[in-house]
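Undergrad: Contents of query00.cif (mmCIF, C-alpha atoms):
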```cif
data_structure
loop_
_atom_site.group_PDB
_atom_site.id
_atom_site.type_symbol
_atom_site.label_atom_id
_atom_site.label_comp_id
_atom_site.auth_asym_id
_atom_site.auth_seq_id
_atom_site.Cartn_x
_atom_site.Cartn_y
_atom_site.Cartn_z
ATOM 1 C CA MET V 1098 109.346 62.751 112.886
ATOM 2 C CA ILE V 1099 108.389 65.957 111.126
ATOM 3 C CA ALA V 1100 105.032 67.470 110.353
ATOM 4 C CA ARG V 1101 104.036 68.271 106.795
ATOM 5 C CA SER V 1102 103.719 71.909 105.784
ATOM 6 C CA HIS V 1103 102.126 73.394 102.678
ATOM 7 C CA ASN V 1104 105.376 74.760 101.247
ATOM 8 C CA TRP V 1105 107.787 72.002 102.167
ATOM 9 C CA LYS V 1106 108.224 68.964 99.930
ATOM 10 C CA PRO V 1107 110.110 66.227 101.811
ATOM 11 C CA SER V 1108 111.849 63.344 100.115
ATOM 12 C CA TRP V 1109 109.968 60.908 102.352
ATOM 13 C CA LYS V 1110 106.431 60.918 103.634
ATOM 14 C CA PRO V 1111 106.416 62.492 107.116
ATOM 15 C CA ILE V 1112 104.090 61.782 109.984
ATOM 16 C CA ILE V 1113 102.352 64.608 111.806
ATOM 17 C CA LEU V 1114 102.933 64.225 115.507
ATOM 18 C CA ALA V 1115 101.207 66.644 117.790
ATOM 19 C CA CYS V 1116 99.406 67.127 121.043
ATOM 20 C CA ARG V 1117 96.658 69.476 119.972
ATOM 21 C CA ARG V 1118 93.359 70.450 121.504
ATOM 22 C CA HIS V 1119 90.882 67.574 121.420
ATOM 23 C CA PRO V 1120 87.127 67.509 122.033
ATOM 24 C CA MET V 1121 87.555 65.258 125.059
ATOM 25 C CA VAL V 1122 89.161 67.474 127.705
ATOM 26 C CA SER V 1123 91.168 65.563 130.253
ATOM 27 C CA SER V 1124 90.129 65.820 133.867
ATOM 28 C CA VAL V 1125 92.586 67.146 136.408
ATOM 29 C CA ARG V 1126 94.280 64.301 138.245
ATOM 30 C CA SER V 1127 94.074 64.127 142.013
ATOM 31 C CA VAL V 1128 97.370 65.327 143.486
ATOM 32 C CA MET V 1129 98.333 63.353 146.578
ATOM 33 C CA LYS V 1130 101.458 65.384 147.318
ATOM 34 C CA ALA V 1131 103.143 68.490 145.898
ATOM 35 C CA THR V 1132 106.736 69.392 146.774
ATOM 36 C CA ASN V 1133 108.335 72.777 146.149
ATOM 37 C CA LEU V 1134 111.808 72.046 144.753
ATOM 38 C CA ASP V 1135 112.922 75.684 144.851
ATOM 39 C CA ASN V 1136 114.673 76.186 148.185
ATOM 40 C CA ILE V 1137 116.914 78.914 146.785
ATOM 41 C CA TYR V 1138 114.850 81.722 145.303
ATOM 42 C CA GLY V 1139 111.565 81.397 147.164
ATOM 43 C CA SER V 1140 109.406 80.750 144.126
ATOM 44 C CA PRO V 1141 105.823 79.648 144.859
ATOM 45 C CA LEU V 1142 104.511 76.118 144.518
ATOM 46 C CA LEU V 1143 103.313 75.521 140.959
ATOM 47 C CA ASP V 1144 99.719 74.370 140.408
ATOM 48 C CA TRP V 1145 99.274 71.080 138.542
ATOM 49 C CA SER V 1146 95.876 72.188 137.246
ATOM 50 C CA GLY V 1147 97.619 75.002 135.386
ATOM 51 C CA VAL V 1148 100.141 72.596 133.861
ATOM 52 C CA GLU V 1149 97.405 70.219 132.728
ATOM 53 C CA ALA V 1150 95.349 73.087 131.335
ATOM 54 C CA ARG V 1151 98.345 74.036 129.180
ATOM 55 C CA LEU V 1152 98.717 70.427 128.002
ATOM 56 C CA ASN V 1153 95.037 70.388 127.106
ATOM 57 C CA GLU V 1154 95.631 73.379 124.819
ATOM 58 C CA GLY V 1155 97.932 71.175 122.751
ATOM 59 C CA ILE V 1156 101.685 71.017 122.190
ATOM 60 C CA THR V 1157 102.166 70.860 118.438
ATOM 61 C CA GLN V 1158 105.328 69.299 117.109
ATOM 62 C CA ALA V 1159 105.249 70.772 113.621
ATOM 63 C CA PRO V 1160 108.329 72.922 112.851
ATOM 64 C CA GLY V 1161 107.915 76.549 113.809
ATOM 65 C CA THR V 1162 104.964 75.989 116.152
ATOM 66 C CA GLY V 1163 106.587 76.176 119.577
ATOM 67 C CA GLY V 1164 109.384 75.374 121.842
ATOM 68 C CA PRO V 1165 110.962 77.993 120.536
ATOM 69 C CA ASN V 1166 111.006 76.316 117.128
ATOM 70 C CA ARG V 1167 108.848 73.261 117.865
ATOM 71 C CA HIS V 1168 107.875 70.940 120.703
ATOM 72 C CA THR V 1169 109.324 67.448 120.961
ATOM 73 C CA CYS V 1170 108.252 64.691 123.329
ATOM 74 C CA TRP V 1171 111.176 62.550 124.498
ATOM 75 C CA LEU V 1172 110.552 59.054 125.864
ATOM 76 C CA ALA V 1173 113.116 57.384 128.126
ATOM 77 C CA THR V 1174 112.929 53.604 128.613
ATOM 78 C CA ILE V 1175 115.230 51.092 130.296
ATOM 79 C CA ASN V 1176 117.546 48.846 128.287
ATOM 80 C CA ARG V 1177 118.120 45.267 129.365
ATOM 81 C CA ASP V 1178 121.482 46.220 130.931
ATOM 82 C CA GLY V 1179 119.845 49.006 132.945
ATOM 83 C CA SER V 1180 121.119 51.848 130.776
ATOM 84 C CA PRO V 1181 118.674 54.480 129.506
ATOM 85 C CA HIS V 1182 117.313 54.697 125.980
ATOM 86 C CA VAL V 1183 115.863 58.031 124.853
ATOM 87 C CA THR V 1184 113.975 58.672 121.632
ATOM 88 C CA GLY V 1185 111.673 61.322 120.231
ATOM 89 C CA ILE V 1186 108.016 60.364 119.878
ATOM 90 C CA GLY V 1187 104.712 61.925 118.940
ATOM 91 C CA GLY V 1188 102.609 62.084 122.072
ATOM 92 C CA LEU V 1189 98.935 62.865 122.483
ATOM 93 C CA TRP V 1190 97.782 64.207 125.853
ATOM 94 C CA VAL V 1191 94.250 62.835 126.291
ATOM 95 C CA ASP V 1192 92.208 62.130 129.409
ATOM 96 C CA GLY V 1193 95.004 62.823 131.887
ATOM 97 C CA ALA V 1194 97.657 60.679 130.159
ATOM 98 C CA PHE V 1195 100.182 60.708 127.350
ATOM 99 C CA TRP V 1196 99.510 58.304 124.473
ATOM 100 C CA PHE V 1197 101.981 57.150 121.838
ATOM 101 C CA GLU V 1198 102.473 54.277 119.411
ATOM 102 C CA THR V 1199 105.358 52.122 118.279
ATOM 103 C CA GLY V 1200 106.166 48.744 116.791
ATOM 104 C CA GLU V 1201 107.027 45.867 119.096
ATOM 105 C CA THR V 1202 110.404 45.302 117.432
ATOM 106 C CA THR V 1203 111.700 48.821 118.149
ATOM 107 C CA ARG V 1204 114.079 49.411 121.041
ATOM 108 C CA LYS V 1205 111.437 51.245 123.048
ATOM 109 C CA GLY V 1206 108.852 48.576 122.226
ATOM 110 C CA ARG V 1207 111.147 45.788 123.406
ATOM 111 C CA ASN V 1208 112.116 47.735 126.509
ATOM 112 C CA LEU V 1209 108.502 48.389 127.478
ATOM 113 C CA ALA V 1210 107.579 44.745 126.961
ATOM 114 C CA ARG V 1211 110.219 43.868 129.541
ATOM 115 C CA ASP V 1212 109.862 46.859 131.895
ATOM 116 C CA GLN V 1213 106.944 49.298 131.702
ATOM 117 C CA ARG V 1214 108.726 52.001 133.712
ATOM 118 C CA CYS V 1215 109.528 55.071 131.655
ATOM 119 C CA ALA V 1216 109.656 58.853 131.611
ATOM 120 C CA LEU V 1217 108.451 61.395 129.071
ATOM 121 C CA SER V 1218 109.630 64.994 128.817
ATOM 122 C CA VAL V 1219 108.492 68.007 126.837
ATOM 123 C CA ALA V 1220 109.288 71.729 126.928
ATOM 124 C CA THR V 1221 106.707 74.466 126.404
ATOM 125 C CA ALA V 1222 107.061 78.224 126.603
ATOM 126 C CA GLU V 1223 105.664 78.084 130.143
ATOM 127 C CA PHE V 1224 107.482 75.104 131.662
ATOM 128 C CA ASP V 1225 109.768 72.125 131.173
ATOM 129 C CA LEU V 1226 107.876 68.978 132.158
ATOM 130 C CA VAL V 1227 108.901 65.411 132.988
ATOM 131 C CA VAL V 1228 106.318 62.748 133.807
ATOM 132 C CA GLU V 1229 107.208 59.304 135.123
ATOM 133 C CA GLY V 1230 105.080 56.184 135.266
ATOM 134 C CA ARG V 1231 104.390 52.935 133.471
ATOM 135 C CA ALA V 1232 103.480 52.771 129.799
ATOM 136 C CA ARG V 1233 100.913 50.039 129.243
ATOM 137 C CA ARG V 1234 99.924 48.646 125.858
ATOM 138 C CA VAL V 1235 96.252 49.284 125.124
ATOM 139 C CA THR V 1236 94.443 46.782 122.909
ATOM 140 C CA ASP V 1237 90.807 47.668 123.569
ATOM 141 C CA PRO V 1238 89.380 48.018 120.026
ATOM 142 C CA ALA V 1239 87.246 51.064 120.827
ATOM 143 C CA THR V 1240 90.178 52.913 122.391
ATOM 144 C CA VAL V 1241 92.553 51.974 119.575
ATOM 145 C CA ALA V 1242 89.986 53.170 117.033
ATOM 146 C CA GLU V 1243 89.576 56.463 118.871
ATOM 147 C CA LEU V 1244 93.332 57.062 118.921
ATOM 148 C CA ALA V 1245 93.589 56.145 115.236
ATOM 149 C CA ALA V 1246 90.940 58.748 114.480
ATOM 150 C CA ARG V 1247 92.808 61.360 116.501
ATOM 151 C CA TRP V 1248 96.075 60.726 114.669
ATOM 152 C CA ALA V 1249 94.257 60.714 111.334
ATOM 153 C CA ALA V 1250 92.704 64.067 112.195
ATOM 154 C CA GLU V 1251 96.230 65.425 112.712
ATOM 155 C CA GLY V 1252 97.285 64.352 109.221
ATOM 156 C CA TRP V 1253 98.820 60.899 109.694
ATOM 157 C CA PRO V 1254 96.430 58.428 107.982
ATOM 158 C CA ALA V 1255 96.411 55.878 110.780
ATOM 159 C CA ARG V 1256 93.763 53.196 110.780
ATOM 160 C CA VAL V 1257 92.963 50.124 112.834
ATOM 161 C CA ASP V 1258 94.472 46.924 111.470
ATOM 162 C CA ASP V 1259 92.643 43.647 110.894
ATOM 163 C CA THR V 1260 93.082 42.559 114.532
ATOM 164 C CA GLY V 1261 91.309 45.651 115.812
ATOM 165 C CA GLU V 1262 93.992 45.936 118.495
ATOM 166 C CA ALA V 1263 96.765 47.883 116.720
ATOM 167 C CA LEU V 1264 97.380 50.518 114.065
ATOM 168 C CA THR V 1265 98.592 50.458 110.506
ATOM 169 C CA ALA V 1266 99.079 53.110 107.813
ATOM 170 C CA ASP V 1267 100.703 53.646 104.445
ATOM 171 C CA TYR V 1268 103.723 55.159 106.201
ATOM 172 C CA SER V 1269 105.099 56.211 109.555
ATOM 173 C CA ALA V 1270 108.334 57.558 110.980
ATOM 174 C CA PRO V 1271 111.284 55.164 110.547
ATOM 175 C CA SER V 1272 111.805 55.046 114.311
ATOM 176 C CA ALA V 1273 108.328 53.525 114.758
ATOM 177 C CA GLY V 1274 109.404 50.303 113.054
ATOM 178 C CA THR V 1275 107.140 48.261 110.816
ATOM 179 C CA PRO V 1276 103.408 47.775 111.437
ATOM 180 C CA PRO V 1277 101.463 46.818 113.383
ATOM 181 C CA TRP V 1278 101.999 49.804 115.681
ATOM 182 C CA HIS V 1279 100.728 49.319 119.202
ATOM 183 C CA VAL V 1280 99.143 52.058 121.286
ATOM 184 C CA TYR V 1281 100.545 52.832 124.740
ATOM 185 C CA ARG V 1282 99.159 54.911 127.591
ATOM 186 C CA LEU V 1283 101.499 56.603 130.065
ATOM 187 C CA ARG V 1284 99.526 57.800 133.064
ATOM 188 C CA PRO V 1285 101.801 59.902 135.299
ATOM 189 C CA HIS V 1286 102.757 58.559 138.711
ATOM 190 C CA THR V 1287 104.942 61.598 139.328
ATOM 191 C CA ALA V 1288 105.458 64.816 137.378
ATOM 192 C CA THR V 1289 108.088 67.530 137.706
ATOM 193 C CA ALA V 1290 107.859 70.973 136.140
ATOM 194 C CA VAL V 1291 110.309 73.853 136.070
ATOM 195 C CA GLY V 1292 108.597 77.144 135.314
ATOM 196 C CA THR V 1293 110.159 79.065 132.438
ATOM 197 C CA ALA V 1294 107.815 82.050 132.763
ATOM 198 C CA GLU V 1295 106.312 83.979 135.677
ATOM 199 C CA PRO V 1296 105.993 82.950 138.463
ATOM 200 C CA PHE V 1297 108.801 80.463 137.613
ATOM 201 C CA GLY V 1298 109.480 77.883 140.333
ATOM 202 C CA ALA V 1299 109.946 74.131 140.346
ATOM 203 C CA THR V 1300 107.470 71.574 141.680
ATOM 204 C CA ARG V 1301 107.142 67.808 141.831
ATOM 205 C CA TRP V 1302 103.730 66.151 142.101
ATOM 206 C CA HIS V 1303 102.862 62.637 143.224
ATOM 207 C CA PHE V 1304 99.501 61.287 142.066
#
```
Here is a file; write its structure as C-alpha cells.

TA:
Amino acid sequence: MIARSHNWKPSWKPIILACRRHPMVSSVRSVMKATNLDNIYGSPLLDWSGVEARLNEGITQAPGTGGPNRHTCWLATINRDGSPHVTGIGGLWVDGAFWFETGETTRKGRNLARDQRCALSVATAEFDLVVEGRARRVTDPATVAELAARWAAEGWPARVDDTGEALTADYSAPSAGTPPWHVYRLRPHTATAVGTAEPFGATRWHF
C-alpha cells in the first residue's frame, strides 16, 4: 500500500493510506489505569493525552513523510489455529479509535469475523505505539459514508456501494481483497507506548 506522489509513476494504481489531521478532533479517552513500565531508568509516566494529540496531528503513510521514511500501521489478528497474522493496513485515527477497511475474504477479514480481538501498532518520531482491543465491523450508512469521504479526501476514490453499508472503488491495495470493503473500528482497550524522544519512558494504559 503506497501513496501516490507527483513524480512517481507506478505500474499499478496505488491507494493513499494515511492518518492525517481531520476536522473532527477525537476526544481524549478516559484512562482507568496507567502503569509505568520503566523500572530500570526512572523515566516518568507518559501522558496518554499527549499520545492522542500526536495521533490527531496525523500519521501519514506516504513514502518520505515519517517514521523515518514513512509510517506504517500493522494489524495483528488471530488465525484459526491460534497463531498470529500480521499485515500492513491504512488506518485512520478518528474520534478516539483506529478505523480501517478490508474485504471479508481476506485473512484478516476472516479472522476478525471469527475473533474480534486484535492489535495495531505504529511508530512515530515521538513513540512506538501498540493498541489492543476488538475490531468491530461498522455498517451504519452515515458512518460508512463519512469514512468513504475521508479516504476520498486522502486520494483513494472510495465511495459507498449500493448496500450503503460497505465501500467500493475503482481500485484498492491487493491485500484488501475484492470489493465490497467493510469498515472496521478498533477502539483501544489497552495501549502501550515506548517514548523515542524526551522524556522517553514506557507506559501502558487501560481504558

Undergrad: Can you list what the PyMOL selection byres ((chain V and resi 1177) around 12) grabs from this structure, as a list in words?

TA: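 Given this file, the PyMOL selection byres ((chain V and resi 1177) around 12) evaluates to Thr1174, Ile1175, Asn1176, Asp1178, Gly1179, Ser1180, Pro1181, His1182, Arg1204, Lys1205, Arg1207, Asn1208, Leu1209, Ala1210, Arg1211 and Asp1212 of chain V.
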
Undergrad: Restricting the calculation to all atoms listed in the file: of V:Arg1301, V:His1279, V:Arg1284, V:Arg1231, which residue gets closest to Glu1201 (chain V)?

TA: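 Residue with the minimum atom-to-atom distance to Glu1201 (chain V): V:His1279.
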
Undergrad: Interatomic distance between CA of Val1241 (chain V) and CA of Leu1264 (chain V)?

TA: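 About the pair CA of Val1241 (chain V) and CA of Leu1264 (chain V): they are 7.5 Å apart.
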
Undergrad: Run through the PyMOL selection byres ((chain V and resi 1133) around 10) on the given coordinates and return the selected residues as number ranges by chain.

TA: V: 1131-1132, 1134-1136, 1139-1143, 1289, 1298-1302

Undergrad: Those residues with C-alpha atoms, as a PDB file, in the frame of the given file please?

TA:
```
ATOM      1  CA  ALA V1131     103.143  68.490 145.898  1.00  0.00           C
ATOM      2  CA  THR V1132     106.736  69.392 146.774  1.00  0.00           C
ATOM      3  CA  LEU V1134     111.808  72.046 144.753  1.00  0.00           C
ATOM      4  CA  ASP V1135     112.922  75.684 144.851  1.00  0.00           C
ATOM      5  CA  ASN V1136     114.673  76.186 148.185  1.00  0.00           C
ATOM      6  CA  GLY V1139     111.565  81.397 147.164  1.00  0.00           C
ATOM      7  CA  SER V1140     109.406  80.750 144.126  1.00  0.00           C
ATOM      8  CA  PRO V1141     105.823  79.648 144.859  1.00  0.00           C
ATOM      9  CA  LEU V1142     104.511  76.118 144.518  1.00  0.00           C
ATOM     10  CA  LEU V1143     103.313  75.521 140.959  1.00  0.00           C
ATOM     11  CA  THR V1289     108.088  67.530 137.706  1.00  0.00           C
ATOM     12  CA  GLY V1298     109.480  77.883 140.333  1.00  0.00           C
ATOM     13  CA  ALA V1299     109.946  74.131 140.346  1.00  0.00           C
ATOM     14  CA  THR V1300     107.470  71.574 141.680  1.00  0.00           C
ATOM     15  CA  ARG V1301     107.142  67.808 141.831  1.00  0.00           C
ATOM     16  CA  TRP V1302     103.730  66.151 142.101  1.00  0.00           C
TER      17      TRP V1302
END
```

Undergrad: Give the answer as one residue: which of V:Ala1273, V:Ala1220, V:Ile1156, V:Val1128 has the shortest atom-to-atom distance to Trp1190 (chain V), using all atoms listed in the file?

TA: V:Ile1156

Undergrad: To one decimal place, how far is CA of Ala1246 (chain V) from CA of His1286 (chain V) in Å?

TA: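 Atom-to-atom, CA of Ala1246 (chain V) and CA of His1286 (chain V) are spaced 27.0 Å apart.
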
Undergrad: Against region 1193-1198 of chain V, which residues of region 1217-1273 of chain V fall within 12 Å? For each one I want the closest pair of atoms and the distance in Å (one decimal), counting all atoms listed in the file, rows by chain and increasing residue number, as a tab-separated table.

TA:
```
residue	atom	partner	partner_atom	distance
V:Leu1217	CA	V:Phe1195	CA	8.5
V:Ser1218	CA	V:Phe1195	CA	10.5
V:Val1219	CA	V:Phe1195	CA	11.1
V:Val1227	CA	V:Phe1195	CA	11.4
V:Val1228	CA	V:Phe1195	CA	9.1
V:Glu1229	CA	V:Phe1195	CA	10.6
V:Gly1230	CA	V:Ala1194	CA	10.1
V:Arg1231	CA	V:Phe1195	CA	10.8
V:Ala1232	CA	V:Trp1196	CA	8.6
V:Arg1233	CA	V:Trp1196	CA	9.6
V:Arg1234	CA	V:Glu1198	CA	8.9
V:Val1235	CA	V:Trp1196	CA	9.6
V:Thr1236	CA	V:Glu1198	CA	11.5
V:Thr1240	CA	V:Trp1196	CA	11.0
V:Val1241	CA	V:Glu1198	CA	10.2
V:Glu1243	CA	V:Trp1196	CA	11.6
V:Leu1244	CA	V:Trp1196	CA	8.4
V:Ala1245	CA	V:Glu1198	CA	10.0
V:Arg1247	CA	V:Trp1196	CA	10.9
V:Trp1248	CA	V:Phe1197	CA	10.0
V:Ala1255	CA	V:Glu1198	CA	10.7
V:Glu1262	CA	V:Glu1198	CA	11.9
V:Ala1263	CA	V:Glu1198	CA	9.0
V:Leu1264	CA	V:Glu1198	CA	8.3
V:Thr1265	CA	V:Glu1198	CA	10.4
V:Ser1269	CA	V:Glu1198	CA	10.4
V:Ala1270	CA	V:Glu1198	CA	10.8
V:Ser1272	CA	V:Glu1198	CA	10.7
V:Ala1273	CA	V:Glu1198	CA	7.5
```

Undergrad: Using all atoms listed in the file, find the one residue out of V:Pro1254, V:Lys1130, V:Asp1225, V:Glu1154 that sits nearest to Ala1266 (chain V).

TA: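 Smallest separation from Ala1266 (chain V) among the options: V:Pro1254.
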
Undergrad: What are the centre and edge lengths in Å, to one decimal, of the axis-aligned box around all listed atoms of region 1127-1144 of chain V with 8 Å added on each side, as lines of an AutoDock Vina configuration file?

TA:
```
center_x = 105.5
center_y = 72.5
center_z = 144.3
size_x = 38.8
size_y = 34.4
size_z = 23.8
```

Undergrad: Would you please work out which residue, of V:Trp1145, V:Trp1171, V:Phe1224, V:Tyr1281, is nearest to Pro1296 (chain V) when using all atoms listed in the file?

TA: V:Phe1224

Undergrad: Could region 1265-1290 of chain V be completed with N, CA and C atoms and returned as a short mmCIF file (atom, residue, chain, number, x, y, z; two decimals), keeping the file's coordinate frame?

TA:
```cif
data_model
loop_
_atom_site.label_atom_id
_atom_site.label_comp_id
_atom_site.auth_asym_id
_atom_site.auth_seq_id
_atom_site.Cartn_x
_atom_site.Cartn_y
_atom_site.Cartn_z
N THR V 1265 97.80 50.57 111.71
CA THR V 1265 98.59 50.46 110.51
C THR V 1265 98.37 51.73 109.70
N ALA V 1266 99.18 51.93 108.68
CA ALA V 1266 99.08 53.11 107.81
C ALA V 1266 99.99 52.88 106.62
N ASP V 1267 99.86 53.76 105.63
CA ASP V 1267 100.70 53.65 104.44
C ASP V 1267 102.15 54.00 104.75
N TYR V 1268 102.37 54.76 105.81
CA TYR V 1268 103.72 55.16 106.20
C TYR V 1268 103.71 55.60 107.66
N SER V 1269 104.90 55.66 108.22
CA SER V 1269 105.10 56.21 109.56
C SER V 1269 106.55 56.66 109.64
N ALA V 1270 106.94 57.17 110.79
CA ALA V 1270 108.33 57.56 110.98
C ALA V 1270 109.20 56.30 111.04
N PRO V 1271 110.43 56.34 110.51
CA PRO V 1271 111.28 55.16 110.55
C PRO V 1271 111.51 54.62 111.95
N SER V 1272 111.55 55.49 112.94
CA SER V 1272 111.80 55.05 114.31
C SER V 1272 110.65 54.27 114.90
N ALA V 1273 109.48 54.27 114.25
CA ALA V 1273 108.33 53.52 114.76
C ALA V 1273 108.39 52.06 114.38
N GLY V 1274 109.33 51.69 113.50
CA GLY V 1274 109.40 50.30 113.05
C GLY V 1274 108.31 49.98 112.05
N THR V 1275 108.15 48.70 111.78
CA THR V 1275 107.14 48.26 110.82
C THR V 1275 105.82 47.98 111.53
N PRO V 1276 104.69 48.09 110.81
CA PRO V 1276 103.41 47.78 111.44
C PRO V 1276 103.31 46.29 111.75
N PRO V 1277 102.42 45.95 112.70
CA PRO V 1277 101.46 46.82 113.38
C PRO V 1277 102.13 47.70 114.43
N TRP V 1278 101.53 48.89 114.64
CA TRP V 1278 102.00 49.80 115.68
C TRP V 1278 101.02 49.74 116.85
N HIS V 1279 101.55 49.48 118.01
CA HIS V 1279 100.73 49.32 119.20
C HIS V 1279 100.60 50.64 119.96
N VAL V 1280 99.45 50.84 120.54
CA VAL V 1280 99.14 52.06 121.29
C VAL V 1280 99.50 51.86 122.75
N TYR V 1281 100.15 52.87 123.33
CA TYR V 1281 100.54 52.83 124.74
C TYR V 1281 99.98 54.04 125.47
N ARG V 1282 99.63 53.82 126.73
CA ARG V 1282 99.16 54.91 127.59
C ARG V 1282 100.14 55.07 128.75
N LEU V 1283 100.63 56.28 128.93
CA LEU V 1283 101.50 56.60 130.06
C LEU V 1283 100.74 57.54 130.98
N ARG V 1284 100.24 56.99 132.08
CA ARG V 1284 99.53 57.80 133.06
C ARG V 1284 100.52 58.18 134.16
N PRO V 1285 100.74 59.48 134.38
CA PRO V 1285 101.80 59.90 135.30
C PRO V 1285 101.61 59.38 136.72
N HIS V 1286 102.70 58.86 137.28
CA HIS V 1286 102.76 58.56 138.71
C HIS V 1286 103.37 59.73 139.44
N THR V 1287 104.37 60.34 138.84
CA THR V 1287 104.94 61.60 139.33
C THR V 1287 105.13 62.52 138.14
N ALA V 1288 105.19 63.81 138.41
CA ALA V 1288 105.46 64.82 137.38
C ALA V 1288 106.29 65.92 138.00
N THR V 1289 107.24 66.45 137.24
CA THR V 1289 108.09 67.53 137.71
C THR V 1289 108.10 68.62 136.65
N ALA V 1290 107.85 69.85 137.07
CA ALA V 1290 107.86 70.97 136.14
C ALA V 1290 108.76 72.07 136.67
#
```
